[in-house]
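This is data-v4.pdb (PDB, C-alpha atoms).
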```pdb
ATOM      1  CA  MET A1179      22.074 -72.695 -25.666
ATOM      2  CA  GLU A1180      24.115 -70.872 -28.304
ATOM      3  CA  PRO A1181      25.268 -73.323 -31.002
ATOM      4  CA  ASP A1182      28.986 -73.809 -31.566
ATOM      5  CA  LEU A1183      29.899 -71.491 -34.441
ATOM      6  CA  ILE A1184      32.831 -71.150 -36.809
ATOM      7  CA  SER A1185      33.729 -67.892 -38.535
ATOM      8  CA  LYS A1186      34.005 -67.680 -42.301
ATOM      9  CA  LYS A1187      37.725 -66.915 -42.010
ATOM     10  CA  ASP A1188      38.368 -69.958 -39.825
ATOM     11  CA  LEU A1189      36.209 -72.150 -42.064
ATOM     12  CA  LEU A1190      38.180 -71.232 -45.178
ATOM     13  CA  GLN A1191      41.488 -71.763 -43.386
ATOM     14  CA  GLN A1192      40.486 -75.078 -41.806
ATOM     15  CA  THR A1193      38.946 -76.640 -44.921
ATOM     16  CA  GLY A1194      41.086 -75.055 -47.629
ATOM     17  CA  ILE A1195      38.086 -74.054 -49.735
ATOM     18  CA  SER A1196      38.068 -70.645 -51.373
ATOM     19  CA  TYR A1197      35.719 -67.705 -50.895
ATOM     20  CA  GLY A1198      34.491 -68.248 -54.445
ATOM     21  CA  GLN A1199      33.741 -71.942 -53.835
ATOM     22  CA  LEU A1200      31.829 -71.160 -50.652
ATOM     23  CA  TYR A1201      29.506 -68.650 -52.311
ATOM     24  CA  ARG A1202      29.095 -70.721 -55.452
ATOM     25  CA  TRP A1203      27.949 -73.626 -53.278
ATOM     26  CA  LYS A1204      25.569 -71.245 -51.517
ATOM     27  CA  ARG A1205      24.097 -70.001 -54.820
ATOM     28  CA  MET A1206      23.554 -73.581 -56.001
ATOM     29  CA  GLY A1207      21.834 -74.603 -52.755
ATOM     30  CA  LEU A1208      24.569 -76.945 -51.535
ATOM     31  CA  ILE A1209      24.772 -74.908 -48.329
ATOM     32  CA  PRO A1210      21.511 -73.624 -46.785
ATOM     33  CA  GLU A1211      20.995 -69.883 -46.694
ATOM     34  CA  GLU A1212      20.059 -70.001 -43.006
ATOM     35  CA  TRP A1213      23.507 -71.364 -42.085
ATOM     36  CA  PHE A1214      25.015 -67.956 -42.977
ATOM     37  CA  THR A1215      24.679 -65.843 -39.827
ATOM     38  CA  ARG A1216      25.907 -62.253 -39.547
ATOM     39  CA  LYS A1217      27.171 -61.224 -36.126
ATOM     40  CA  SER A1218      28.810 -58.122 -34.710
ATOM     41  CA  THR A1219      32.416 -58.518 -33.559
ATOM     42  CA  PHE A1220      35.067 -56.075 -32.405
ATOM     43  CA  THR A1221      36.228 -55.810 -36.043
ATOM     44  CA  GLY A1222      32.713 -55.233 -37.397
ATOM     45  CA  GLN A1223      30.196 -57.610 -38.990
ATOM     46  CA  GLU A1224      31.387 -61.165 -39.661
ATOM     47  CA  THR A1225      29.732 -64.290 -41.088
ATOM     48  CA  PHE A1226      29.484 -67.408 -38.940
ATOM     49  CA  PHE A1227      28.215 -70.960 -39.511
ATOM     50  CA  PRO A1228      27.105 -73.859 -37.291
ATOM     51  CA  ARG A1229      30.509 -75.516 -36.863
ATOM     52  CA  ASP A1230      29.676 -79.237 -36.918
ATOM     53  CA  LYS A1231      27.054 -79.004 -39.658
ATOM     54  CA  MET A1232      29.255 -76.849 -41.873
ATOM     55  CA  LEU A1233      32.384 -78.969 -41.541
ATOM     56  CA  GLU A1234      30.367 -82.118 -42.210
ATOM     57  CA  ARG A1235      28.715 -80.510 -45.262
ATOM     58  CA  VAL A1236      32.051 -79.441 -46.777
ATOM     59  CA  GLU A1237      33.393 -82.973 -46.284
ATOM     60  CA  ARG A1238      30.282 -84.507 -47.886
ATOM     61  CA  ILE A1239      30.501 -82.204 -50.898
ATOM     62  CA  ARG A1240      34.153 -83.102 -51.385
ATOM     63  CA  ASN A1241      33.458 -86.829 -51.090
ATOM     64  CA  MET A1242      30.626 -86.604 -53.610
ATOM     65  CA  LYS A1243      32.830 -84.651 -56.006
ATOM     66  CA  ASP A1244      35.449 -87.390 -55.630
ATOM     67  CA  GLU A1245      32.764 -89.795 -56.866
ATOM     68  CA  ASP A1246      32.566 -87.661 -60.048
ATOM     69  CA  LEU A1247      29.160 -86.220 -59.213
ATOM     70  CA  SER A1248      28.485 -82.815 -60.745
ATOM     71  CA  LEU A1249      27.612 -79.858 -58.539
ATOM     72  CA  GLU A1250      24.118 -79.958 -60.052
ATOM     73  CA  ALA A1251      23.665 -83.584 -58.953
ATOM     74  CA  ILE A1252      24.998 -82.785 -55.495
ATOM     75  CA  ALA A1253      22.650 -79.800 -55.235
ATOM     76  CA  ASP A1254      19.706 -82.052 -56.112
ATOM     77  CA  THR A1255      20.647 -84.383 -53.251
ATOM     78  CA  PHE A1256      20.678 -81.480 -50.794
ATOM     79  CA  SER A1257      17.536 -79.827 -52.162
ATOM     80  CA  PRO A1258      14.485 -79.836 -49.855
ATOM     81  CA  ALA A1259      12.254 -80.532 -52.855
ATOM     82  CA  MET A1260      10.468 -83.849 -52.944
ATOM     83  CA  VAL A1261      11.308 -86.627 -55.385
ATOM     84  CA  ALA A1262       8.323 -86.940 -57.697
ATOM     85  CA  ASP A1263       8.919 -90.433 -59.056
ATOM     86  CA  VAL A1264       9.396 -92.303 -55.756
ATOM     87  CA  SER A1265       6.713 -94.889 -55.009
ATOM     88  CA  LEU A1266       7.294 -97.809 -52.634
ATOM     89  CA  THR A1267       4.831-100.222 -51.095
ATOM     90  CA  PRO A1268       4.944-100.691 -47.307
ATOM     91  CA  GLU A1269       6.480-104.130 -47.917
ATOM     92  CA  GLU A1270       9.259-102.603 -50.032
ATOM     93  CA  VAL A1271       9.938 -99.985 -47.377
ATOM     94  CA  ARG A1272      10.134-102.687 -44.729
ATOM     95  CA  SER A1273      12.479-104.869 -46.777
ATOM     96  CA  ARG A1274      14.802-101.971 -47.661
ATOM     97  CA  LYS A1275      14.855-100.795 -44.035
ATOM     98  CA  PHE A1276      14.552 -97.071 -44.692
ATOM     99  CA  VAL A1277      12.885 -96.820 -41.301
ATOM    100  CA  SER A1278      12.474 -99.184 -38.360
ATOM    101  CA  ASP A1279       9.551-101.608 -38.307
ATOM    102  CA  ALA A1280       8.229 -99.909 -35.156
ATOM    103  CA  ALA A1281       8.147 -96.485 -36.833
ATOM    104  CA  LEU A1282       6.609 -97.870 -40.028
ATOM    105  CA  ASP A1283       3.902 -99.724 -38.064
ATOM    106  CA  LEU A1284       3.031 -96.547 -36.163
ATOM    107  CA  PHE A1285       2.992 -94.539 -39.395
ATOM    108  CA  LEU A1286       0.673 -97.080 -41.030
ATOM    109  CA  GLU A1287      -1.738 -96.793 -38.099
ATOM    110  CA  ARG A1288      -2.422 -93.252 -39.265
ATOM    111  CA  ARG A1289      -2.235 -94.120 -42.946
ATOM    112  CA  PRO A1290      -3.642 -97.677 -43.262
ATOM    113  CA  GLY A1291      -3.690 -99.640 -46.502
ATOM    114  CA  SER A1292      -1.243-101.149 -48.951
ATOM    115  CA  ASP A1293      -1.031 -98.286 -51.454
ATOM    116  CA  PRO A1294       2.524 -97.216 -52.361
ATOM    117  CA  LEU A1295       4.112 -94.479 -50.262
ATOM    118  CA  LEU A1296       5.252 -91.355 -52.078
ATOM    119  CA  PHE A1297       8.284 -89.314 -51.083
ATOM    120  CA  GLY A1298       6.372 -87.026 -48.716
ATOM    121  CA  GLU A1299       5.021 -90.043 -46.847
ATOM    122  CA  LEU A1300       8.446 -91.675 -46.709
ATOM    123  CA  LEU A1301       9.793 -88.405 -45.333
ATOM    124  CA  ALA A1302       7.119 -88.343 -42.620
ATOM    125  CA  ALA A1303       7.956 -91.938 -41.670
ATOM    126  CA  ALA A1304      11.677 -91.100 -41.574
ATOM    127  CA  VAL A1305      11.079 -88.071 -39.328
ATOM    128  CA  LEU A1306       8.975 -90.252 -37.039
ATOM    129  CA  ASP A1307      11.727 -92.891 -36.934
ATOM    130  CA  THR A1308      14.409 -90.299 -36.145
ATOM    131  CA  LEU A1309      12.530 -88.908 -33.154
ATOM    132  CA  LEU A1310      11.252 -92.238 -31.824
ATOM    133  CA  SER A1311      14.667 -93.900 -32.022
ATOM    134  CA  GLY A1312      16.194 -90.979 -30.144
ATOM    135  CA  GLY A1313      13.632 -91.353 -27.356
ATOM    136  CA  GLU A1314      12.574 -87.734 -27.799
ATOM    137  CA  ILE A1315       8.838 -88.299 -28.206
ATOM    138  CA  SER A1316       6.121 -90.599 -26.912
ATOM    139  CA  LEU A1317       4.027 -92.922 -29.081
ATOM    140  CA  ASP A1318       1.029 -90.587 -28.806
ATOM    141  CA  GLU A1319       3.218 -87.668 -29.877
ATOM    142  CA  GLY A1320       4.414 -89.835 -32.764
ATOM    143  CA  ARG A1321       0.831 -90.323 -33.913
ATOM    144  CA  THR A1322       0.069 -86.598 -33.860
ATOM    145  CA  LEU A1323       3.400 -85.943 -35.607
ATOM    146  CA  VAL A1324       2.267 -88.096 -38.533
ATOM    147  CA  ASP A1325      -1.040 -86.198 -38.696
ATOM    148  CA  THR A1326       0.770 -82.846 -38.627
ATOM    149  CA  LEU A1327       3.168 -83.804 -41.405
ATOM    150  CA  ALA A1328       0.337 -85.269 -43.487
ATOM    151  CA  ALA A1329      -1.489 -81.956 -43.231
ATOM    152  CA  GLY A1330       1.489 -79.757 -44.025
ATOM    153  CA  VAL A1331       4.356 -81.532 -45.754
ATOM    154  CA  VAL A1332       3.093 -80.902 -49.312
ATOM    155  CA  ALA A1333       3.040 -77.158 -48.630
ATOM    156  CA  THR A1334       6.715 -77.293 -47.639
ATOM    157  CA  GLN A1335       7.927 -78.596 -50.993
ATOM    158  CA  GLY A1336      10.987 -76.704 -52.154
ATOM    159  CA  ARG A1337      11.190 -74.702 -48.935
ATOM    160  CA  GLU A1338      13.099 -75.023 -45.671
ATOM    161  CA  TYR A1339      10.913 -76.159 -42.768
ATOM    162  CA  GLU A1340      11.368 -77.362 -39.209
ATOM    163  CA  ILE A1341       9.103 -79.536 -37.100
ATOM    164  CA  VAL A1342       8.866 -78.337 -33.482
ATOM    165  CA  LEU A1343       7.309 -80.050 -30.467
ATOM    166  CA  VAL A1344       5.967 -77.720 -27.777
ATOM    167  CA  ARG A1345       5.042 -79.022 -24.321
ATOM    168  CA  LYS A1346       3.080 -77.247 -21.581
ATOM    169  CA  LEU A1347       1.748 -78.701 -18.343
ATOM    170  CA  GLY A1348       1.756 -82.271 -19.654
ATOM    171  CA  LEU A1349       0.192 -81.359 -23.000
ATOM    172  CA  SER A1350       2.022 -81.249 -26.328
ATOM    173  CA  ALA A1351       1.513 -79.774 -29.781
ATOM    174  CA  TRP A1352       3.460 -79.852 -33.051
ATOM    175  CA  LEU A1353       4.360 -76.806 -35.132
ATOM    176  CA  LEU A1354       5.584 -76.904 -38.732
ATOM    177  CA  LYS A1355       7.405 -73.641 -39.368
ATOM    178  CA  PRO A1356       9.764 -72.107 -41.934
ATOM    179  CA  ALA A1357      13.417 -72.553 -40.967
ATOM    180  CA  GLY A1358      14.944 -69.406 -39.536
ATOM    181  CA  CYS A1359      11.560 -68.151 -38.319
ATOM    182  CA  GLU A1360      11.642 -67.875 -34.536
ATOM    183  CA  ILE A1361       8.687 -68.729 -32.351
ATOM    184  CA  ILE A1362       7.872 -66.929 -29.110
ATOM    185  CA  LEU A1363       6.244 -69.061 -26.425
ATOM    186  CA  GLU A1364       4.670 -68.151 -23.124
ATOM    187  CA  PRO A1365       6.966 -68.835 -20.128
ATOM    188  CA  SER A1366       5.207 -72.060 -19.133
ATOM    189  CA  ALA A1367       5.643 -73.638 -22.595
ATOM    190  CA  ARG A1368       8.861 -75.183 -23.925
ATOM    191  CA  ALA A1369      10.031 -76.192 -27.389
ATOM    192  CA  VAL A1370      11.548 -79.590 -26.578
ATOM    193  CA  VAL A1371      12.192 -80.911 -30.105
ATOM    194  CA  ARG A1372      13.378 -79.114 -33.234
ATOM    195  CA  LEU A1373      14.212 -81.018 -36.408
ATOM    196  CA  GLY A1374      14.923 -79.654 -39.869
ATOM    197  CA  LEU A1375      13.072 -81.508 -42.626
ATOM    198  CA  ARG A1376      15.910 -80.765 -45.053
ATOM    199  CA  GLU A1377      18.350 -82.876 -43.041
ATOM    200  CA  VAL A1378      16.038 -85.891 -42.981
ATOM    201  CA  ALA A1379      15.170 -85.434 -46.667
ATOM    202  CA  GLU A1380      18.868 -85.453 -47.570
ATOM    203  CA  GLN A1381      19.428 -88.706 -45.706
ATOM    204  CA  LEU A1382      16.336 -90.244 -47.284
ATOM    205  CA  LYS A1383      17.428 -89.295 -50.801
ATOM    206  CA  GLN A1384      20.778 -90.947 -50.171
ATOM    207  CA  ALA A1385      19.050 -94.107 -48.931
ATOM    208  CA  LEU A1386      16.792 -94.221 -51.991
ATOM    209  CA  LYS A1387      19.691 -94.328 -54.450
TER     210      LYS A1387
END
```

What do you get writing this file as structure tokens?
Amino acid sequence: MEPDLISKKDLLQQTGISYGQLYRWKRMGLIPEEWFTRKSTFTGQETFFPRDKMLERVERIRNMKDEDLSLEAIADTFSPAMVADVSLTPEEVRSRKFVSDAALDLFLERRPGSDPLLFGELLAAAVLDTLLSGGEISLDEGRTLVDTLAAGVVATQGREYEIVLVRKLGLSAWLLKPAGCEIILEPSARAVVRLGLREVAEQLKQALK
């Protein structure tokens, strides 16, 4: 289904931000490149954005600026890059409740031990928690999700990626793909879950502060 979009003109009018602000935020990485979509209209080519995500992002940027954060600090929060100095033991993760106990227990099945979890592992656990809590995946799919992220999440550092669950005839498989890159499936297969790693990483960075 086509996402609900807002035109650049309507966005600027509704939020009161300027053209210059919008493109400065884009250059600094506060707004993802893939949210800028060019479409043909009766007046020519226009730029559109995912309405809900864009309005929420503008509001978040304003709120963070009100807290006297610089644009550079805000951009770091929104960056898909990992946080190099994060290291938390499973007990610390459990006590700080970054993820549910159920998701952490399932994650630790695939990654046993008491060694500290680095940011990429915390991100994998957070993705698992997001999809399990929403009832979108089974426990077995959760286990293979952890394996998929463990194999690929380091390669995604600094880049925009999505995790996609494909189901066909009772079988399922995970894909880790660059954001904005479409996948073409045979008619009997369906992409039933799509989740951007950037969005989860942003939420995790906020929780780690």

Quick one: everything within 12 Å of Val1305 (chain A), counting only C-alpha atoms, minus sequence neighbours fewer than 2 positions away in the same chain. Send it as a PyMOL selection string. chain A and resi 1276-1278+1281-1282+1285+1298-1303+1307-1312+1314-1315+1320-1321+1323-1324+1326-1328+1331+1340-1342+1371-1382

The PyMOL selection byres ((chain A and resi 1213) around 12) applied to the shown file, residues as a ChimeraX atom specification: /A:1181,1183-1186,1200,1204,1207-1212,1214-1216,1225-1233,1235,1338,1357-1358

Convert the current residue selection to file output with C-alpha atoms, as a PDB file, in the frame of the given file.
```pdb
ATOM      1  CA  PRO A1181      25.268 -73.323 -31.002  1.00  0.00           C
ATOM      2  CA  LEU A1183      29.899 -71.491 -34.441  1.00  0.00           C
ATOM      3  CA  ILE A1184      32.831 -71.150 -36.809  1.00  0.00           C
ATOM      4  CA  SER A1185      33.729 -67.892 -38.535  1.00  0.00           C
ATOM      5  CA  LYS A1186      34.005 -67.680 -42.301  1.00  0.00           C
ATOM      6  CA  LEU A1200      31.829 -71.160 -50.652  1.00  0.00           C
ATOM      7  CA  LYS A1204      25.569 -71.245 -51.517  1.00  0.00           C
ATOM      8  CA  GLY A1207      21.834 -74.603 -52.755  1.00  0.00           C
ATOM      9  CA  LEU A1208      24.569 -76.945 -51.535  1.00  0.00           C
ATOM     10  CA  ILE A1209      24.772 -74.908 -48.329  1.00  0.00           C
ATOM     11  CA  PRO A1210      21.511 -73.624 -46.785  1.00  0.00           C
ATOM     12  CA  GLU A1211      20.995 -69.883 -46.694  1.00  0.00           C
ATOM     13  CA  GLU A1212      20.059 -70.001 -43.006  1.00  0.00           C
ATOM     14  CA  PHE A1214      25.015 -67.956 -42.977  1.00  0.00           C
ATOM     15  CA  THR A1215      24.679 -65.843 -39.827  1.00  0.00           C
ATOM     16  CA  ARG A1216      25.907 -62.253 -39.547  1.00  0.00           C
ATOM     17  CA  THR A1225      29.732 -64.290 -41.088  1.00  0.00           C
ATOM     18  CA  PHE A1226      29.484 -67.408 -38.940  1.00  0.00           C
ATOM     19  CA  PHE A1227      28.215 -70.960 -39.511  1.00  0.00           C
ATOM     20  CA  PRO A1228      27.105 -73.859 -37.291  1.00  0.00           C
ATOM     21  CA  ARG A1229      30.509 -75.516 -36.863  1.00  0.00           C
ATOM     22  CA  ASP A1230      29.676 -79.237 -36.918  1.00  0.00           C
ATOM     23  CA  LYS A1231      27.054 -79.004 -39.658  1.00  0.00           C
ATOM     24  CA  MET A1232      29.255 -76.849 -41.873  1.00  0.00           C
ATOM     25  CA  LEU A1233      32.384 -78.969 -41.541  1.00  0.00           C
ATOM     26  CA  ARG A1235      28.715 -80.510 -45.262  1.00  0.00           C
ATOM     27  CA  GLU A1338      13.099 -75.023 -45.671  1.00  0.00           C
ATOM     28  CA  ALA A1357      13.417 -72.553 -40.967  1.00  0.00           C
ATOM     29  CA  GLY A1358      14.944 -69.406 -39.536  1.00  0.00           C
TER      30      GLY A1358
END
```

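Separating CA of Ala1280 (chain A) from CA of Ser1257 (chain A) is a distance of 27.9 Å.
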
Can you turn the PyMOL selection byres ((chain A and resi 1344) around 7) into a concrete residue list for this file, as a PyMOL selection string? chain A and resi 1342-1343+1345-1346+1350-1352+1367-1370

Can you write out the residues you just picked, keeping C-alpha atoms, as a tab-separated table (two decimals), keeping the file's coordinate frame?
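Produced file out29.tsv, reproduced below:
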```tsv
chain	number	residue	atom	x	y	z
A	1342	VAL	CA	8.87	-78.34	-33.48
A	1343	LEU	CA	7.31	-80.05	-30.47
A	1345	ARG	CA	5.04	-79.02	-24.32
A	1346	LYS	CA	3.08	-77.25	-21.58
A	1350	SER	CA	2.02	-81.25	-26.33
A	1351	ALA	CA	1.51	-79.77	-29.78
A	1352	TRP	CA	3.46	-79.85	-33.05
A	1367	ALA	CA	5.64	-73.64	-22.60
A	1368	ARG	CA	8.86	-75.18	-23.92
A	1369	ALA	CA	10.03	-76.19	-27.39
A	1370	VAL	CA	11.55	-79.59	-26.58
```

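Here CA of Asp1293 (chain A) and CA of Ser1265 (chain A) stand 9.2 Å from one another.
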
Do you know which residues are at most 12 Å from Ile1252 (chain A) counting all atoms listed in the file, after dropping those on the same chain fewer than 6 positions away, and could you put them as a ChimeraX atom specification? /A:1203,1206-1209,1235-1236,1238-1246,1380,1383-1384

Calculate, to one decimal in Å, the centre and edge lengths of the box along x, y and z of the file that holds all listed atoms of region 1291-1301 of chain A with 4 Å of margin on each side, and present them as lines of an AutoDock Vina configuration file.
```
center_x = 3.1
center_y = -94.1
center_z = -48.8
size_x = 21.5
size_y = 22.1
size_z = 15.0
```

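Of the residues listed (A:Glu1250, A:Leu1295, A:Asp1188, A:Lys1355), A:Leu1295 shows the shortest atom-to-atom separation from Arg1272 (chain A); distances use all atoms listed in the file.
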
How many Å lie between CA of Phe1297 (chain A) and CA of Arg1205 (chain A), rounded to one decimal? 25.2 Å
